[in-house]
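Everything below belongs to input_32.cif, which stores mmCIF, C-alpha atoms and all ligand atoms.
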```cif
data_my_file
#
loop_
_atom_site.label_atom_id
_atom_site.label_comp_id
_atom_site.auth_asym_id
_atom_site.auth_seq_id
_atom_site.Cartn_x
_atom_site.Cartn_y
_atom_site.Cartn_z
CA MET A 1 -98.93 8.36 1.26
CA SER A 2 -98.86 9.15 -2.45
CA ILE A 3 -97.11 6.89 -4.93
CA PRO A 4 -93.36 7.58 -5.14
CA VAL A 5 -92.27 9.44 -8.27
CA VAL A 6 -89.34 7.04 -8.67
CA LYS A 7 -89.00 3.69 -6.99
CA VAL A 8 -85.84 1.64 -7.48
CA GLU A 9 -85.71 -1.77 -5.85
CA ASN A 10 -82.69 -4.04 -5.52
CA LEU A 11 -81.03 -2.71 -8.65
CA VAL A 12 -77.96 -4.67 -9.73
CA LYS A 13 -75.81 -3.57 -12.67
CA ARG A 14 -72.60 -5.32 -13.67
CA TYR A 15 -70.00 -4.16 -16.17
CA LYS A 16 -68.35 -7.58 -16.74
CA GLU A 17 -66.78 -8.46 -13.36
CA LEU A 18 -67.38 -5.02 -11.85
CA ILE A 19 -70.55 -4.65 -9.79
CA ALA A 20 -71.44 -0.98 -10.36
CA LEU A 21 -74.81 -1.16 -8.56
CA ASP A 22 -75.24 -3.63 -5.76
CA HIS A 23 -78.89 -4.00 -4.74
CA LEU A 24 -79.49 -0.26 -4.77
CA ASN A 25 -82.81 1.01 -3.38
CA LEU A 26 -84.19 4.52 -3.89
CA GLU A 27 -87.57 6.07 -3.34
CA VAL A 28 -88.13 9.61 -4.52
CA ARG A 29 -91.24 11.44 -3.32
CA GLU A 30 -93.33 13.96 -5.17
CA GLY A 31 -92.01 17.51 -4.90
CA GLU A 32 -88.66 16.79 -3.34
CA ILE A 33 -85.11 17.54 -4.37
CA PHE A 34 -83.66 14.12 -3.83
CA GLY A 35 -79.87 14.10 -3.52
CA LEU A 36 -77.79 11.16 -4.64
CA LEU A 37 -74.46 11.78 -2.97
CA GLY A 38 -71.41 9.61 -3.49
CA PRO A 39 -67.75 9.82 -4.47
CA ASN A 40 -66.63 9.47 -8.08
CA GLY A 41 -67.21 5.92 -9.27
CA SER A 42 -69.88 5.16 -6.66
CA GLY A 43 -72.49 4.45 -9.35
CA LYS A 44 -74.52 7.67 -9.60
CA THR A 45 -74.45 7.96 -13.39
CA THR A 46 -75.04 4.23 -13.80
CA ALA A 47 -78.10 4.50 -11.54
CA ILE A 48 -79.45 7.46 -13.54
CA ASN A 49 -78.91 5.66 -16.86
CA CYS A 50 -80.76 2.61 -15.52
CA ILE A 51 -83.62 4.76 -14.20
CA LEU A 52 -83.93 6.33 -17.66
CA SER A 53 -83.86 2.87 -19.29
CA LEU A 54 -80.77 3.89 -21.27
CA LEU A 55 -78.86 0.97 -19.81
CA HIS A 56 -79.75 -2.69 -19.32
CA TYR A 57 -79.47 -3.89 -15.76
CA ASP A 58 -79.05 -7.36 -14.34
CA LYS A 59 -81.59 -7.42 -11.55
CA GLY A 60 -84.16 -5.30 -9.76
CA SER A 61 -87.08 -3.12 -10.75
CA ILE A 62 -87.70 0.54 -11.57
CA GLU A 63 -91.03 2.31 -11.43
CA ILE A 64 -91.68 5.93 -12.39
CA PHE A 65 -94.99 7.64 -11.55
CA GLY A 66 -96.17 4.22 -10.35
CA SER A 67 -95.57 2.35 -13.64
CA PRO A 68 -92.69 0.11 -14.66
CA MET A 69 -90.05 2.00 -16.66
CA THR A 70 -89.00 0.32 -19.91
CA PRO A 71 -87.11 1.57 -22.99
CA ASP A 72 -90.42 2.23 -24.77
CA SER A 73 -92.27 3.92 -21.88
CA TYR A 74 -92.73 7.04 -24.01
CA ASP A 75 -95.56 8.42 -21.86
CA ILE A 76 -93.24 8.44 -18.88
CA LYS A 77 -90.23 9.73 -20.83
CA ARG A 78 -92.22 12.71 -22.07
CA GLN A 79 -92.61 13.87 -18.49
CA ILE A 80 -88.92 13.63 -17.64
CA GLY A 81 -86.23 16.25 -18.18
CA VAL A 82 -82.63 15.11 -18.20
CA VAL A 83 -79.44 17.06 -17.61
CA MET A 84 -76.60 14.66 -18.32
CA GLN A 85 -73.19 14.79 -16.68
CA ASN A 86 -71.47 15.33 -20.04
CA VAL A 87 -72.73 18.47 -21.76
CA ALA A 88 -74.66 17.36 -24.85
CA VAL A 89 -75.41 20.30 -27.15
CA CYS A 90 -74.99 20.87 -30.86
CA ASP A 91 -72.03 23.09 -31.85
CA GLU A 92 -73.67 24.22 -35.09
CA LEU A 93 -76.75 25.66 -33.38
CA THR A 94 -77.08 28.86 -31.35
CA VAL A 95 -78.18 28.91 -27.72
CA TYR A 96 -81.78 29.57 -28.79
CA GLU A 97 -81.74 26.89 -31.49
CA ASN A 98 -80.22 24.31 -29.14
CA ILE A 99 -82.93 24.78 -26.51
CA ASP A 100 -85.58 24.91 -29.23
CA SER A 101 -84.45 21.64 -30.80
CA PHE A 102 -84.41 19.79 -27.47
CA CYS A 103 -87.78 21.24 -26.55
CA GLY A 104 -89.04 20.17 -29.99
CA LEU A 105 -88.62 16.53 -28.98
CA TYR A 106 -91.49 17.07 -26.56
CA VAL A 107 -93.44 20.02 -27.94
CA PRO A 108 -93.82 19.68 -31.73
CA VAL A 109 -95.65 22.98 -32.39
CA ARG A 110 -93.10 25.78 -32.86
CA SER A 111 -95.38 28.60 -31.69
CA GLN A 112 -96.02 26.72 -28.44
CA ARG A 113 -92.31 26.25 -27.97
CA LYS A 114 -91.29 29.87 -28.30
CA PRO A 115 -92.47 31.03 -24.86
CA LEU A 116 -91.00 27.89 -23.28
CA VAL A 117 -87.60 28.49 -24.88
CA GLU A 118 -87.66 32.17 -23.87
CA GLU A 119 -88.54 31.20 -20.33
CA ALA A 120 -85.76 28.59 -20.16
CA MET A 121 -83.22 31.19 -21.36
CA GLU A 122 -84.48 33.69 -18.84
CA PHE A 123 -84.39 31.09 -16.12
CA THR A 124 -80.78 30.10 -16.77
CA GLY A 125 -79.61 33.66 -17.43
CA LEU A 126 -78.81 32.99 -21.08
CA THR A 127 -81.11 35.50 -22.79
CA GLU A 128 -78.27 37.86 -23.68
CA PHE A 129 -76.33 34.93 -25.19
CA ARG A 130 -79.23 33.70 -27.34
CA ASN A 131 -77.34 34.04 -30.62
CA PHE A 132 -74.05 32.60 -29.34
CA ARG A 133 -72.86 29.21 -30.48
CA PRO A 134 -71.71 26.82 -27.69
CA LYS A 135 -67.98 27.27 -28.49
CA LYS A 136 -68.25 30.95 -27.50
CA LEU A 137 -69.68 30.15 -24.06
CA SER A 138 -67.67 29.76 -20.84
CA GLY A 139 -67.82 26.42 -19.03
CA GLY A 140 -70.43 27.74 -16.61
CA LEU A 141 -72.67 29.13 -19.36
CA LEU A 142 -72.35 25.88 -21.29
CA ARG A 143 -73.57 23.99 -18.22
CA ARG A 144 -76.49 26.39 -17.96
CA LEU A 145 -77.32 25.75 -21.62
CA ASN A 146 -77.25 22.02 -20.90
CA ILE A 147 -79.76 22.64 -18.12
CA ALA A 148 -81.98 24.90 -20.24
CA CYS A 149 -82.17 22.13 -22.88
CA GLY A 150 -83.28 19.62 -20.25
CA ILE A 151 -85.99 21.69 -18.57
CA ALA A 152 -87.58 23.90 -21.25
CA HIS A 153 -90.55 21.55 -21.78
CA LYS A 154 -91.46 21.83 -18.07
CA PRO A 155 -91.02 18.20 -17.07
CA ARG A 156 -92.66 16.77 -13.98
CA LEU A 157 -89.48 14.91 -13.04
CA ILE A 158 -86.03 16.43 -13.61
CA ILE A 159 -82.90 14.33 -13.34
CA MET A 160 -79.63 16.22 -13.08
CA ASP A 161 -76.33 14.38 -13.05
CA GLU A 162 -73.58 16.53 -11.51
CA PRO A 163 -74.75 19.75 -13.17
CA THR A 164 -72.23 21.91 -11.33
CA VAL A 165 -68.98 20.07 -11.99
CA ALA A 166 -66.22 22.52 -12.91
CA VAL A 167 -68.37 25.66 -13.00
CA ASP A 168 -67.49 29.07 -11.58
CA PRO A 169 -69.13 30.08 -8.27
CA GLN A 170 -71.52 32.52 -9.96
CA SER A 171 -72.90 29.89 -12.32
CA ARG A 172 -73.00 27.39 -9.48
CA ASN A 173 -75.20 29.66 -7.37
CA HIS A 174 -77.35 30.42 -10.38
CA ILE A 175 -77.83 26.70 -10.95
CA LEU A 176 -78.56 25.88 -7.30
CA THR A 177 -81.14 28.63 -6.82
CA GLY A 178 -82.62 27.66 -10.19
CA ILE A 179 -83.12 24.09 -8.98
CA GLU A 180 -84.92 25.36 -5.90
CA LYS A 181 -87.18 27.44 -8.15
CA LEU A 182 -88.00 24.39 -10.25
CA GLN A 183 -88.99 22.57 -7.08
CA HIS A 184 -91.06 25.53 -6.00
CA ASP A 185 -92.87 25.39 -9.35
CA GLY A 186 -93.86 21.79 -8.61
CA ALA A 187 -91.16 19.63 -10.20
CA THR A 188 -89.58 16.64 -8.49
CA ILE A 189 -85.81 16.63 -8.86
CA ILE A 190 -83.13 13.99 -8.57
CA TYR A 191 -79.80 15.65 -8.11
CA THR A 192 -76.53 13.73 -8.11
CA SER A 193 -73.31 15.23 -6.85
CA HIS A 194 -70.11 14.46 -5.04
CA TYR A 195 -70.14 17.94 -3.47
CA MET A 196 -71.62 17.49 -0.01
CA GLU A 197 -72.08 21.23 0.64
CA GLU A 198 -74.35 21.60 -2.40
CA VAL A 199 -76.40 18.57 -1.63
CA GLU A 200 -76.83 19.77 1.92
CA GLN A 201 -77.82 23.24 0.72
CA ILE A 202 -80.66 22.24 -1.60
CA CYS A 203 -81.78 18.65 -1.04
CA THR A 204 -84.87 17.64 0.90
CA ARG A 205 -83.51 14.15 1.47
CA ILE A 206 -80.16 12.61 0.66
CA ALA A 207 -79.19 9.04 -0.22
CA ILE A 208 -75.48 8.47 0.32
CA ILE A 209 -74.07 5.71 -1.85
CA ASP A 210 -70.68 4.04 -2.11
CA GLY A 211 -69.60 1.16 -4.32
CA GLY A 212 -73.11 0.99 -5.77
CA LYS A 213 -74.63 0.32 -2.36
CA ASN A 214 -76.87 2.39 -0.11
CA VAL A 215 -74.86 3.79 2.80
CA ALA A 216 -77.42 6.03 4.51
CA LEU A 217 -80.63 7.93 3.82
CA GLY A 218 -82.28 10.94 5.43
CA THR A 219 -82.34 14.72 5.65
CA ALA A 220 -78.94 16.32 6.24
CA ASP A 221 -79.83 16.71 9.94
CA GLU A 222 -80.97 13.11 10.26
CA LEU A 223 -77.79 11.85 8.61
CA LYS A 224 -75.63 13.86 11.00
CA LYS A 225 -77.50 12.44 13.97
CA MET A 226 -76.66 8.92 12.81
CA ILE A 227 -73.02 9.35 13.74
CA ARG A 228 -71.22 9.59 17.02
CA LYS A 229 -69.48 12.91 16.43
CA SER A 230 -71.54 16.01 17.20
CA GLU A 231 -68.86 18.65 17.57
CA THR A 232 -65.16 19.15 16.85
CA ILE A 233 -63.38 21.63 19.08
CA ARG A 234 -60.02 23.04 17.98
CA ILE A 235 -57.83 25.19 20.20
CA ASP A 236 -54.43 26.69 19.35
CA MET A 237 -52.15 26.10 22.33
CA PRO A 238 -48.69 24.90 23.40
CA GLN A 239 -48.33 21.17 23.93
CA PRO A 240 -50.21 20.13 27.10
CA ALA A 241 -49.05 17.37 29.45
CA GLN A 242 -50.38 13.84 28.87
CA ASP A 243 -52.29 14.15 32.14
CA ASP A 244 -54.11 17.22 30.84
CA LEU A 245 -55.04 15.41 27.62
CA ALA A 246 -56.32 12.50 29.67
CA ALA A 247 -58.32 14.85 31.89
CA ILE A 248 -59.95 16.55 28.91
CA ARG A 249 -60.66 13.15 27.39
CA SER A 250 -62.52 12.23 30.57
CA LEU A 251 -64.79 15.29 30.47
CA PRO A 252 -68.44 14.45 29.73
CA HIS A 253 -69.17 13.82 26.01
CA VAL A 254 -65.50 14.09 24.93
CA TYR A 255 -64.49 10.82 23.32
CA GLU A 256 -61.20 11.77 21.75
CA CYS A 257 -58.61 14.43 22.49
CA ASN A 258 -55.22 14.90 20.83
CA TRP A 259 -52.63 17.61 20.33
CA GLN A 260 -50.78 18.07 17.05
CA ASN A 261 -49.20 21.02 15.21
CA HIS A 262 -49.87 23.46 18.08
CA GLU A 263 -53.54 22.54 18.04
CA LEU A 264 -55.68 20.62 20.50
CA THR A 265 -58.56 18.71 18.92
CA ALA A 266 -61.42 17.38 21.04
CA LEU A 267 -64.18 15.30 19.45
CA CYS A 268 -67.48 15.36 21.30
CA SER A 269 -70.52 13.17 21.07
CA GLY A 270 -73.81 14.79 22.03
CA GLY A 271 -74.24 17.08 25.02
CA SER A 272 -74.08 20.84 25.19
CA HIS A 273 -71.60 23.32 26.69
CA ASN A 274 -68.73 21.07 25.60
CA LEU A 275 -66.58 24.04 24.62
CA ILE A 276 -67.19 25.80 27.93
CA ARG A 277 -66.16 22.68 29.83
CA VAL A 278 -62.92 22.31 27.88
CA LEU A 279 -62.05 26.00 28.22
CA SER A 280 -62.87 25.97 31.93
CA TYR A 281 -60.41 23.14 32.38
CA LEU A 282 -57.68 25.10 30.58
CA GLN A 283 -58.41 28.17 32.64
CA GLU A 284 -58.41 26.23 35.89
CA LYS A 285 -55.00 24.74 35.05
CA GLU A 286 -53.77 28.12 33.81
CA LEU A 287 -52.92 26.65 30.42
CA PRO A 288 -52.56 29.41 27.81
CA PHE A 289 -54.48 29.16 24.55
CA GLY A 290 -55.20 31.21 21.43
CA HIS A 291 -57.63 30.79 18.55
CA VAL A 292 -60.66 28.60 19.32
CA THR A 293 -63.09 27.05 16.82
CA THR A 294 -65.88 24.54 17.05
CA GLN A 295 -67.37 22.78 14.08
CA LEU A 296 -70.59 20.83 13.72
CA PRO A 297 -70.49 17.55 11.79
CA THR A 298 -70.51 17.63 8.00
CA LEU A 299 -71.80 15.02 5.57
CA ASN A 300 -68.14 14.12 5.07
CA ASP A 301 -68.05 13.11 8.75
CA VAL A 302 -71.12 10.94 8.13
CA PHE A 303 -69.49 9.30 5.12
CA LEU A 304 -66.20 8.86 6.96
CA GLU A 305 -67.74 7.35 10.05
CA ILE A 306 -69.87 4.86 8.10
CA THR A 307 -67.45 3.87 5.30
CA GLY A 308 -64.05 4.69 6.80
CA LYS A 309 -63.23 6.82 3.73
CA GLU A 310 -63.21 10.53 2.91
CA LEU A 311 -65.93 11.84 0.63
CA ARG A 312 -64.38 15.23 0.03
CA ASP A 313 -61.60 16.18 -2.37
CA GLN A 314 -62.42 13.49 -4.86
P1 LIG B 401 -70.31 7.98 -10.69
O1 LIG B 401 -71.28 8.55 -11.65
O2 LIG B 401 -70.81 7.90 -9.28
O3 LIG B 401 -68.97 8.65 -10.75
P2 LIG B 401 -70.39 5.71 -12.47
O4 LIG B 401 -71.78 5.23 -12.46
O5 LIG B 401 -69.94 6.50 -13.62
O6 LIG B 401 -70.07 6.46 -11.10
O7 LIG B 401 -69.43 4.45 -12.38
C1 LIG B 401 -69.62 3.40 -11.44
C2 LIG B 401 -68.56 2.34 -11.66
O8 LIG B 401 -68.80 1.69 -12.91
C3 LIG B 401 -67.15 2.88 -11.74
O9 LIG B 401 -66.28 1.95 -11.15
C4 LIG B 401 -66.90 3.01 -13.22
O10 LIG B 401 -65.53 2.89 -13.51
C5 LIG B 401 -67.68 1.83 -13.77
N1 LIG B 401 -68.20 2.07 -15.13
C6 LIG B 401 -69.02 3.08 -15.50
N2 LIG B 401 -69.36 2.98 -16.80
C7 LIG B 401 -68.72 1.87 -17.27
C8 LIG B 401 -68.67 1.21 -18.54
N3 LIG B 401 -69.36 1.68 -19.59
N4 LIG B 401 -67.93 0.08 -18.64
C9 LIG B 401 -67.27 -0.41 -17.57
N5 LIG B 401 -67.27 0.15 -16.35
C10 LIG B 401 -67.98 1.28 -16.19
MG MG B 402 -71.19 10.27 -12.78
#
```

Using the file provided, produce a representation of the structure as structure tokens.
Ligand code: ADP
Ligand code: MG
Amino acid sequence: MSIPVVKVENLVKRYKELIALDHLNLEVREGEIFGLLGPNGSGKTTAINCILSLLHYDKGSIEIFGSPMTPDSYDIKRQIGVVMQNVAVCDELTVYENIDSFCGLYVPVRSQRKPLVEEAMEFTGLTEFRNFRPKKLSGGLLRRLNIACGIAHKPRLIIMDEPTVAVDPQSRNHILTGIEKLQHDGATIIYTSHYMEEVEQICTRIAIIDGGKNVALGTADELKKMIRKSETIRIDMPQPAQDDLAAIRSLPHVYECNWQNHELTALCSGGSHNLIRVLSYLQEKELPFGHVTTQLPTLNDVFLEITGKELRDQ
């Protein structure tokens, strides 16, 4: 197998007594969109800053493109594009000038930069705002400018730290499809987020972290197979007798069944036709019911089952 684009081994970072990264391991492969998913405070930004050698760490090693990453690894840094969590643009410069000045850090010849800046504006949908200063842009457009500044020089590795926080749905979709295009064009992307739906939508593989530690790693499907729950069935109905609840609980694959707020909830582990079995029971016992839904596991279920905490709504 080819050399990993980023390899992080046993990374430990302390802020005084607080252990922000606790023997974190990551391996990012060429051409993937690697998701780093974790709640706020789980250490995503700290990990990114260590990977970029912007932060000293206490223990561990970091390699990028097969070489150790140090603060003066300029050859490596030239091939990386960074989109930081906090928008970092210059208020005095226009959209065009901002992208041009960032790109200028990597591409010194102005005439070579022009097509790159135009392409980055086109890519992020900012061409019509080229002469705007950042203060005139909406939150979503500002985020897109932040991205354009980080990718204009066509880096081989792109690191994006929560690029969609607090953006409108239109900008969010623009950003997500843009990231997929960058991957399609050959870039490797590290994408951090606490939004599980996004990570699931675009990431090839996902590392879930919590408290600076690795919780789980895999594709979204692999992660969901790691947990017991495979299906949640919800049925609106009047309160059933305890015997009926017990009977449903004893159906194959059902491992939990409760009734609350006019709704029966049955959690199933594996198997198929679980819904049919539950409904057949209700029909057999002539128990009336209304609205029925079944839901496959989410990455929140994975996080909840492994850590005992909710990932969502943070
Ligand atoms: P995330 O990006 O996942 O939200 P961070 O990496 O920002 O998480 O933070 C990880 C932990 O480290 C948090 O508990 C945070 O409060 C703490 N932390 C982050 N930066 C500093 C700092 N400069 N000084 C002290 N503690 C920090
Ligand atoms: Mg962060």

Contacts of Arg130 of chain A at 8 Å or less, counting all atoms listed in the file, minus same-chain residues fewer than 6 places along, as JSON, numbers by chain? {"A": [94, 95, 96, 121]}

Export C-alpha atoms of the chosen residues as a short mmCIF file (atom, residue, chain, number, x, y, z; two decimals), in the coordinates of the input?
```cif
data_model
loop_
_atom_site.label_atom_id
_atom_site.label_comp_id
_atom_site.auth_asym_id
_atom_site.auth_seq_id
_atom_site.Cartn_x
_atom_site.Cartn_y
_atom_site.Cartn_z
CA THR A 94 -77.08 28.86 -31.35
CA VAL A 95 -78.18 28.91 -27.72
CA TYR A 96 -81.78 29.57 -28.79
CA MET A 121 -83.22 31.19 -21.36
#
```

List as number ranges by chain the protein and nucleic acid residues lying within 12 Å of ligand LIG 401 (chain B), with all atoms listed in the file counted. A: 12-22, 36-51, 54-56, 84-86, 160-163, 165, 191-195, 208-213, 311, 314

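By chain and then residue number, the residues within 10 Å of Ala120 of chain A are Tyr96, Ile99, Asp100, Cys103, Lys114, Pro115, Gly125, Leu126, Thr127, Arg144, Leu145, Ile147, Ala148, Cys149, Gly150, Ile151, Ala152, His153 and Lys154 of chain A, counting all atoms listed in the file and disregarding those fewer than 5 positions away in sequence.
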
Contacts of Lys224 of chain A at 9 Å or less, counting only C-alpha atoms, minus same-chain residues fewer than 2 places along, as a ChimeraX atom specification? /A:219-222,226-230,297-299,301-302

Residue contacts of segment 245-249 of chain A (7 Å, only C-alpha atoms) excluding same-chain residues fewer than 6 positions away, as an MDAnalysis selection string: chainID A and resid 255:258 278

Atom CA of Asn300 of chain A to atom CA of Val28 of chain A: how many Å, to one decimal?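 These atoms are spaced 22.6 Å apart.
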
So which one's closest to Cys203 of chain A, A:Ile189, A:Ile159, A:Lys181, A:Ile3? Using only C-alpha atoms, please.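 Closest to Cys203 of chain A, using only C-alpha atoms: A:Ile189.
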
Write segment 111-139 of chain A as a short mmCIF file (atom, residue, chain, number, x, y, z; two decimals), keeping the file's coordinate frame, completed to N, CA and C atoms.
```cif
data_model
loop_
_atom_site.label_atom_id
_atom_site.label_comp_id
_atom_site.auth_asym_id
_atom_site.auth_seq_id
_atom_site.Cartn_x
_atom_site.Cartn_y
_atom_site.Cartn_z
N SER A 111 -94.86 27.42 -32.37
CA SER A 111 -95.38 28.60 -31.69
C SER A 111 -95.60 28.33 -30.19
N GLN A 112 -95.86 27.07 -29.86
CA GLN A 112 -96.02 26.72 -28.44
C GLN A 112 -94.67 26.67 -27.74
N ARG A 113 -93.65 26.38 -28.55
CA ARG A 113 -92.31 26.25 -27.97
C ARG A 113 -91.69 27.59 -27.63
N LYS A 114 -91.99 28.59 -28.43
CA LYS A 114 -91.29 29.87 -28.30
C LYS A 114 -91.30 30.40 -26.86
N PRO A 115 -92.50 30.51 -26.23
CA PRO A 115 -92.47 31.03 -24.86
C PRO A 115 -91.70 30.12 -23.90
N LEU A 116 -91.73 28.82 -24.15
CA LEU A 116 -91.00 27.89 -23.28
C LEU A 116 -89.50 28.09 -23.41
N VAL A 117 -89.03 28.30 -24.65
CA VAL A 117 -87.60 28.49 -24.88
C VAL A 117 -87.16 29.82 -24.26
N GLU A 118 -87.98 30.86 -24.46
CA GLU A 118 -87.66 32.17 -23.87
C GLU A 118 -87.57 32.06 -22.35
N GLU A 119 -88.52 31.34 -21.78
CA GLU A 119 -88.54 31.20 -20.33
C GLU A 119 -87.31 30.42 -19.82
N ALA A 120 -86.93 29.39 -20.56
CA ALA A 120 -85.76 28.59 -20.16
C ALA A 120 -84.49 29.43 -20.23
N MET A 121 -84.40 30.32 -21.25
CA MET A 121 -83.22 31.19 -21.36
C MET A 121 -83.18 32.19 -20.21
N GLU A 122 -84.36 32.74 -19.94
CA GLU A 122 -84.48 33.69 -18.84
C GLU A 122 -84.07 33.03 -17.52
N PHE A 123 -84.59 31.85 -17.35
CA PHE A 123 -84.39 31.09 -16.12
C PHE A 123 -82.91 30.78 -15.87
N THR A 124 -82.18 30.47 -16.94
CA THR A 124 -80.78 30.10 -16.77
C THR A 124 -79.84 31.29 -17.01
N GLY A 125 -80.42 32.47 -17.24
CA GLY A 125 -79.61 33.66 -17.43
C GLY A 125 -78.86 33.66 -18.76
N LEU A 126 -79.48 33.10 -19.79
CA LEU A 126 -78.81 32.99 -21.08
C LEU A 126 -79.40 33.90 -22.16
N THR A 127 -80.41 34.71 -21.78
CA THR A 127 -81.11 35.50 -22.79
C THR A 127 -80.14 36.36 -23.61
N GLU A 128 -79.18 36.97 -22.94
CA GLU A 128 -78.27 37.86 -23.68
C GLU A 128 -77.28 37.08 -24.56
N PHE A 129 -77.23 35.76 -24.38
CA PHE A 129 -76.33 34.93 -25.19
C PHE A 129 -77.09 34.13 -26.25
N ARG A 130 -78.33 34.51 -26.50
CA ARG A 130 -79.23 33.70 -27.34
C ARG A 130 -78.67 33.37 -28.72
N ASN A 131 -77.87 34.29 -29.28
CA ASN A 131 -77.34 34.04 -30.62
C ASN A 131 -75.92 33.48 -30.62
N PHE A 132 -75.41 33.17 -29.43
CA PHE A 132 -74.05 32.60 -29.34
C PHE A 132 -74.09 31.12 -29.69
N ARG A 133 -73.00 30.65 -30.31
CA ARG A 133 -72.86 29.21 -30.48
C ARG A 133 -72.09 28.67 -29.27
N PRO A 134 -72.29 27.38 -28.92
CA PRO A 134 -71.71 26.82 -27.69
C PRO A 134 -70.21 27.09 -27.52
N LYS A 135 -69.45 27.08 -28.62
CA LYS A 135 -67.98 27.27 -28.49
C LYS A 135 -67.61 28.62 -27.90
N LYS A 136 -68.52 29.60 -28.02
CA LYS A 136 -68.25 30.95 -27.50
C LYS A 136 -68.63 31.09 -26.03
N LEU A 137 -69.21 30.06 -25.45
CA LEU A 137 -69.68 30.15 -24.06
C LEU A 137 -68.61 29.65 -23.09
N SER A 138 -68.56 30.26 -21.90
CA SER A 138 -67.67 29.76 -20.84
C SER A 138 -68.21 28.42 -20.34
N GLY A 139 -67.39 27.72 -19.57
CA GLY A 139 -67.82 26.42 -19.03
C GLY A 139 -69.12 26.51 -18.25
#
```
